[in-house]
>>> print(open('work_35.tsv').read())   # TSV, N, CA, C and O atoms
chain	number	residue	atom	x	y	z
A	1	MET	N	-4.06	23.14	126.52
A	1	MET	CA	-4.52	21.85	126.95
A	1	MET	C	-3.33	21.07	127.51
A	1	MET	O	-2.26	21.06	126.93
A	2	ASN	N	-3.53	20.43	128.66
A	2	ASN	CA	-2.48	19.64	129.30
A	2	ASN	C	-2.85	18.17	129.32
A	2	ASN	O	-4.02	17.82	129.50
A	3	TYR	N	-1.87	17.33	129.17
A	3	TYR	CA	-2.05	15.89	129.24
A	3	TYR	C	-1.07	15.33	130.25
A	3	TYR	O	0.08	15.76	130.32
A	4	THR	N	-1.51	14.37	131.01
A	4	THR	CA	-0.63	13.64	131.91
A	4	THR	C	-0.47	12.23	131.35
A	4	THR	O	-1.47	11.57	131.05
A	5	ILE	N	0.75	11.80	131.19
A	5	ILE	CA	1.02	10.48	130.64
A	5	ILE	C	1.65	9.61	131.73
A	5	ILE	O	2.62	10.00	132.37
A	6	HIS	N	1.05	8.44	131.95
A	6	HIS	CA	1.57	7.47	132.91
A	6	HIS	C	2.00	6.23	132.16
A	6	HIS	O	1.53	5.95	131.07
A	7	GLN	N	2.88	5.49	132.79
A	7	GLN	CA	3.34	4.23	132.21
A	7	GLN	C	2.98	3.09	133.16
A	7	GLN	O	2.95	3.26	134.37
A	8	ALA	N	2.73	1.93	132.56
A	8	ALA	CA	2.48	0.72	133.34
A	8	ALA	C	3.14	-0.44	132.61
A	8	ALA	O	3.13	-0.50	131.38
A	9	LEU	N	3.70	-1.34	133.36
A	9	LEU	CA	4.35	-2.51	132.81
A	9	LEU	C	3.61	-3.74	133.33
A	9	LEU	O	3.46	-3.92	134.54
A	10	PHE	N	3.12	-4.55	132.40
A	10	PHE	CA	2.41	-5.78	132.72
A	10	PHE	C	3.22	-6.96	132.22
A	10	PHE	O	3.90	-6.87	131.21
A	11	GLY	N	3.14	-8.06	132.90
A	11	GLY	CA	3.84	-9.26	132.47
A	11	GLY	C	3.78	-10.32	133.55
A	11	GLY	O	2.97	-10.25	134.47
A	12	GLN	N	4.68	-11.27	133.46
A	12	GLN	CA	4.72	-12.35	134.44
A	12	GLN	C	5.75	-12.03	135.50
A	12	GLN	O	6.88	-11.68	135.22
A	13	ASP	N	5.33	-12.17	136.76
A	13	ASP	CA	6.20	-11.95	137.90
A	13	ASP	C	7.07	-13.20	138.07
A	13	ASP	O	6.61	-14.23	138.57
A	14	GLN	N	8.33	-13.13	137.66
A	14	GLN	CA	9.22	-14.29	137.70
A	14	GLN	C	9.53	-14.74	139.12
A	14	GLN	O	9.71	-15.92	139.37
A	15	GLN	N	9.59	-13.81	140.06
A	15	GLN	CA	9.91	-14.17	141.45
A	15	GLN	C	8.79	-14.94	142.13
A	15	GLN	O	9.04	-15.82	142.96
A	16	HIS	N	7.55	-14.60	141.81
A	16	HIS	CA	6.41	-15.20	142.50
A	16	HIS	C	5.66	-16.20	141.63
A	16	HIS	O	4.67	-16.77	142.08
A	17	GLY	N	6.09	-16.38	140.38
A	17	GLY	CA	5.47	-17.37	139.51
A	17	GLY	C	4.03	-17.07	139.13
A	17	GLY	O	3.29	-17.96	138.78
A	18	GLN	N	3.63	-15.81	139.21
A	18	GLN	CA	2.26	-15.44	138.89
A	18	GLN	C	2.09	-15.29	137.38
A	18	GLN	O	3.05	-15.15	136.65
A	19	GLY	N	0.84	-15.25	136.92
A	19	GLY	CA	0.53	-15.02	135.52
A	19	GLY	C	0.61	-13.55	135.18
A	19	GLY	O	1.24	-12.76	135.87
A	20	TYR	N	-0.09	-13.16	134.13
A	20	TYR	CA	-0.11	-11.80	133.62
A	20	TYR	C	-0.63	-10.85	134.70
A	20	TYR	O	-1.73	-11.05	135.23
A	21	GLU	N	0.16	-9.84	135.05
A	21	GLU	CA	-0.26	-8.92	136.11
A	21	GLU	C	0.49	-7.59	135.99
A	21	GLU	O	1.45	-7.47	135.23
A	22	LEU	N	0.05	-6.62	136.77
A	22	LEU	CA	0.71	-5.33	136.83
A	22	LEU	C	2.03	-5.48	137.59
A	22	LEU	O	2.04	-5.94	138.73
A	23	LEU	N	3.13	-5.11	136.94
A	23	LEU	CA	4.44	-5.19	137.58
A	23	LEU	C	4.87	-3.84	138.15
A	23	LEU	O	5.41	-3.78	139.25
A	24	GLN	N	4.66	-2.77	137.40
A	24	GLN	CA	5.04	-1.42	137.84
A	24	GLN	C	4.14	-0.40	137.15
A	24	GLN	O	3.67	-0.64	136.03
A	25	THR	N	3.94	0.75	137.79
A	25	THR	CA	3.21	1.85	137.17
A	25	THR	C	3.61	3.18	137.80
A	25	THR	O	4.06	3.20	138.95
A	26	THR	N	3.43	4.24	137.06
A	26	THR	CA	3.64	5.59	137.59
A	26	THR	C	2.31	6.21	138.03
A	26	THR	O	2.30	7.28	138.62
A	27	HIS	N	1.20	5.53	137.75
A	27	HIS	CA	-0.13	6.04	138.10
A	27	HIS	C	-0.40	5.78	139.58
A	27	HIS	O	-0.11	4.70	140.08
A	28	PRO	N	-0.99	6.74	140.30
A	28	PRO	CA	-1.23	6.55	141.74
A	28	PRO	C	-2.37	5.58	142.07
A	28	PRO	O	-2.42	5.05	143.17
A	29	ASN	N	-3.28	5.30	141.12
A	29	ASN	CA	-4.43	4.45	141.40
A	29	ASN	C	-4.17	3.04	140.82
A	29	ASN	O	-4.47	2.75	139.67
A	30	LEU	N	-3.61	2.16	141.66
A	30	LEU	CA	-3.25	0.82	141.20
A	30	LEU	C	-4.46	0.00	140.74
A	30	LEU	O	-4.37	-0.74	139.77
A	31	LYS	N	-5.58	0.12	141.44
A	31	LYS	CA	-6.78	-0.64	141.06
A	31	LYS	C	-7.26	-0.24	139.67
A	31	LYS	O	-7.65	-1.10	138.88
A	32	LEU	N	-7.24	1.04	139.35
A	32	LEU	CA	-7.64	1.52	138.04
A	32	LEU	C	-6.71	0.96	136.96
A	32	LEU	O	-7.16	0.45	135.93
A	33	VAL	N	-5.42	1.00	137.21
A	33	VAL	CA	-4.44	0.51	136.23
A	33	VAL	C	-4.60	-1.00	136.05
A	33	VAL	O	-4.50	-1.51	134.92
A	34	GLN	N	-4.88	-1.73	137.10
A	34	GLN	CA	-5.10	-3.18	136.98
A	34	GLN	C	-6.32	-3.47	136.11
A	34	GLN	O	-6.32	-4.39	135.30
A	35	ARG	N	-7.39	-2.67	136.26
A	35	ARG	CA	-8.57	-2.83	135.41
A	35	ARG	C	-8.22	-2.54	133.96
A	35	ARG	O	-8.68	-3.24	133.05
A	36	MET	N	-7.43	-1.50	133.72
A	36	MET	CA	-7.00	-1.18	132.36
A	36	MET	C	-6.21	-2.34	131.76
A	36	MET	O	-6.35	-2.66	130.58
A	37	GLY	N	-5.39	-2.97	132.59
A	37	GLY	CA	-4.53	-4.05	132.11
A	37	GLY	C	-5.28	-5.23	131.54
A	37	GLY	O	-4.76	-5.95	130.69
A	38	ASN	N	-6.52	-5.42	131.97
A	38	ASN	CA	-7.31	-6.52	131.41
A	38	ASN	C	-7.60	-6.34	129.93
A	38	ASN	O	-7.97	-7.29	129.26
A	39	SER	N	-7.43	-5.13	129.40
A	39	SER	CA	-7.72	-4.88	127.99
A	39	SER	C	-6.45	-4.70	127.16
A	39	SER	O	-6.54	-4.31	126.00
A	40	THR	N	-5.29	-5.00	127.73
A	40	THR	CA	-4.05	-4.72	127.00
A	40	THR	C	-3.35	-5.95	126.44
A	40	THR	O	-2.46	-5.81	125.63
A	41	ASP	N	-3.72	-7.13	126.87
A	41	ASP	CA	-2.98	-8.32	126.44
A	41	ASP	C	-3.34	-8.69	125.00
A	41	ASP	O	-4.36	-8.26	124.48
A	42	LEU	N	-2.49	-9.50	124.38
A	42	LEU	CA	-2.74	-9.94	123.02
A	42	LEU	C	-3.90	-10.94	122.98
A	42	LEU	O	-4.33	-11.46	123.99
A	43	ILE	N	-4.37	-11.23	121.78
A	43	ILE	CA	-5.49	-12.13	121.57
A	43	ILE	C	-5.17	-13.51	122.14
A	43	ILE	O	-4.07	-14.02	121.97
A	44	GLU	N	-6.15	-14.11	122.79
A	44	GLU	CA	-5.97	-15.44	123.38
A	44	GLU	C	-6.30	-16.51	122.35
A	44	GLU	O	-6.87	-16.25	121.30
A	45	ASN	N	-5.96	-17.75	122.68
A	45	ASN	CA	-6.29	-18.92	121.87
A	45	ASN	C	-5.72	-18.84	120.46
A	45	ASN	O	-6.39	-19.18	119.50
A	46	VAL	N	-4.51	-18.40	120.35
A	46	VAL	CA	-3.83	-18.33	119.05
A	46	VAL	C	-2.87	-19.52	118.99
A	46	VAL	O	-2.22	-19.84	119.98
A	47	PRO	N	-2.77	-20.18	117.85
A	47	PRO	CA	-1.85	-21.32	117.75
A	47	PRO	C	-0.45	-20.95	118.23
A	47	PRO	O	0.06	-19.87	117.96
A	48	SER	N	0.17	-21.87	118.96
A	48	SER	CA	1.46	-21.58	119.59
A	48	SER	C	2.59	-21.35	118.60
A	48	SER	O	3.61	-20.78	118.97
A	49	GLN	N	2.45	-21.77	117.35
A	49	GLN	CA	3.54	-21.57	116.40
A	49	GLN	C	3.64	-20.13	115.89
A	49	GLN	O	4.60	-19.77	115.25
A	50	ILE	N	2.66	-19.29	116.19
A	50	ILE	CA	2.71	-17.89	115.76
A	50	ILE	C	3.64	-17.13	116.70
A	50	ILE	O	3.46	-17.16	117.91
A	51	LYS	N	4.63	-16.47	116.16
A	51	LYS	CA	5.55	-15.68	116.96
A	51	LYS	C	5.11	-14.21	116.87
A	51	LYS	O	5.08	-13.64	115.79
A	52	TRP	N	4.76	-13.61	118.01
A	52	TRP	CA	4.33	-12.22	118.04
A	52	TRP	C	5.53	-11.30	117.87
A	52	TRP	O	6.57	-11.48	118.50
A	53	GLN	N	5.38	-10.32	117.04
A	53	GLN	CA	6.37	-9.27	116.89
A	53	GLN	C	5.93	-8.11	117.78
A	53	GLN	O	4.77	-8.01	118.15
A	54	PRO	N	6.84	-7.19	118.13
A	54	PRO	CA	6.40	-6.02	118.89
A	54	PRO	C	5.27	-5.30	118.14
A	54	PRO	O	5.30	-5.19	116.92
A	55	ALA	N	4.27	-4.88	118.87
A	55	ALA	CA	3.11	-4.22	118.27
A	55	ALA	C	2.82	-2.93	119.03
A	55	ALA	O	3.00	-2.86	120.24
A	56	LEU	N	2.36	-1.92	118.31
A	56	LEU	CA	1.94	-0.66	118.92
A	56	LEU	C	0.47	-0.46	118.57
A	56	LEU	O	0.10	-0.47	117.40
A	57	ARG	N	-0.36	-0.34	119.60
A	57	ARG	CA	-1.80	-0.18	119.42
A	57	ARG	C	-2.31	0.88	120.38
A	57	ARG	O	-1.66	1.19	121.36
A	58	GLY	N	-3.49	1.39	120.10
A	58	GLY	CA	-4.10	2.35	121.01
A	58	GLY	C	-5.61	2.29	120.88
A	58	GLY	O	-6.14	1.89	119.85
A	59	ARG	N	-6.30	2.70	121.96
A	59	ARG	CA	-7.76	2.75	121.91
A	59	ARG	C	-8.30	3.54	123.09
A	59	ARG	O	-7.63	3.72	124.10
A	60	LEU	N	-9.53	3.98	122.94
A	60	LEU	CA	-10.23	4.69	124.00
A	60	LEU	C	-10.71	3.68	125.04
A	60	LEU	O	-11.19	2.60	124.70
A	61	TRP	N	-10.54	3.99	126.32
A	61	TRP	CA	-11.02	3.15	127.42
A	61	TRP	C	-11.57	4.09	128.48
A	61	TRP	O	-10.82	4.86	129.08
A	62	GLU	N	-12.89	4.04	128.67
A	62	GLU	CA	-13.58	4.99	129.54
A	62	GLU	C	-13.17	6.41	129.14
A	62	GLU	O	-13.29	6.76	127.98
A	63	GLU	N	-12.66	7.22	130.08
A	63	GLU	CA	-12.27	8.59	129.70
A	63	GLU	C	-10.78	8.71	129.40
A	63	GLU	O	-10.24	9.80	129.31
A	64	TYR	N	-10.11	7.58	129.23
A	64	TYR	CA	-8.67	7.53	128.98
A	64	TYR	C	-8.39	7.07	127.56
A	64	TYR	O	-9.22	6.39	126.95
A	65	TYR	N	-7.23	7.41	127.06
A	65	TYR	CA	-6.75	6.81	125.82
A	65	TYR	C	-5.55	5.96	126.18
A	65	TYR	O	-4.58	6.46	126.77
A	66	LEU	N	-5.62	4.68	125.87
A	66	LEU	CA	-4.55	3.74	126.19
A	66	LEU	C	-3.68	3.51	124.96
A	66	LEU	O	-4.20	3.27	123.87
A	67	LEU	N	-2.41	3.57	125.14
A	67	LEU	CA	-1.44	3.27	124.08
A	67	LEU	C	-0.62	2.10	124.56
A	67	LEU	O	-0.05	2.14	125.64
A	68	PHE	N	-0.60	1.01	123.78
A	68	PHE	CA	0.08	-0.22	124.19
A	68	PHE	C	1.28	-0.48	123.30
A	68	PHE	O	1.17	-0.34	122.09
A	69	LYS	N	2.36	-0.90	123.89
A	69	LYS	CA	3.46	-1.47	123.12
A	69	LYS	C	3.64	-2.87	123.66
A	69	LYS	O	3.92	-3.06	124.83
A	70	THR	N	3.42	-3.85	122.81
A	70	THR	CA	3.47	-5.24	123.20
A	70	THR	C	4.77	-5.85	122.68
A	70	THR	O	5.11	-5.69	121.51
A	71	TYR	N	5.46	-6.55	123.55
A	71	TYR	CA	6.71	-7.19	123.20
A	71	TYR	C	6.49	-8.70	123.10
A	71	TYR	O	5.60	-9.23	123.75
A	72	PRO	N	7.32	-9.40	122.34
A	72	PRO	CA	7.18	-10.86	122.28
A	72	PRO	C	7.40	-11.49	123.64
A	72	PRO	O	8.22	-11.00	124.42
A	73	ASP	N	6.69	-12.54	123.93
A	73	ASP	CA	6.84	-13.26	125.19
A	73	ASP	C	7.94	-14.30	125.03
A	73	ASP	O	7.79	-15.27	124.30
A	74	THR	N	9.07	-14.05	125.68
A	74	THR	CA	10.19	-14.98	125.56
A	74	THR	C	10.21	-15.92	126.74
A	74	THR	O	11.05	-16.74	126.90
>>> encode(input="work_35.tsv", output="structure tokens")
Amino acid sequence: MNYTIHQALFGQDQQHGQGYELLQTTHPNLKLVQRMGNSTDLIENVPSQIKWQPALRGRLWEEYYLLFKTYPDT
């Protein structure tokens, strides 16, 4: 059995002042990766005093398995 693993980096584009978006990926289908990215961010509407620690999570998404490593937003 063979697996292909791709990486994608999501975050804020500092040069263009945009919000959460796809910054880089090794996957050839950018539209697919952008759709995946909508399910990778941390929970919204959390009190601002909570400091997020790096987190490792994973879940099934369509026919893919997504593995996320979330870093604190500095």
>>> atom_distance(input="work_35.tsv", atom1="atom C of Thr4 (chain A)", atom2="atom C of Pro54 (chain A)")
22.7 Å
>>> atom_distance(input="work_35.tsv", atom1="CA of Gln7 (chain A)", atom2="atom N of Glu62 (chain A)")
16.6 Å
>>> closest_residue(input="work_35.tsv", among="A:Met36, A:Ile5, A:Leu23, A:Leu30", to="Trp61 (chain A)", atoms="all atoms listed in the file")
A:Met36
>>> closest_residue(input="work_35.tsv", among="A:Gln15, A:Thr70, A:Gln24, A:Gln34", to="Ala55 (chain A)", atoms="all atoms listed in the file")
A:Thr70
>>> closest_residue(input="work_35.tsv", among="A:Leu22, A:Val33, A:His27, A:Tyr65", to="Phe10 (chain A)", atoms="all atoms listed in the file")
A:Leu22
>>> atom_distance(input="work_35.tsv", atom1="atom C of Tyr71 (chain A)", atom2="atom O of His6 (chain A)")
17.4 Å
>>> closest_residue(input="work_35.tsv", among="A:Gln14, A:Lys69, A:Tyr64, A:Glu21", to="Gly37 (chain A)", atoms="only C-alpha atoms")
A:Glu21
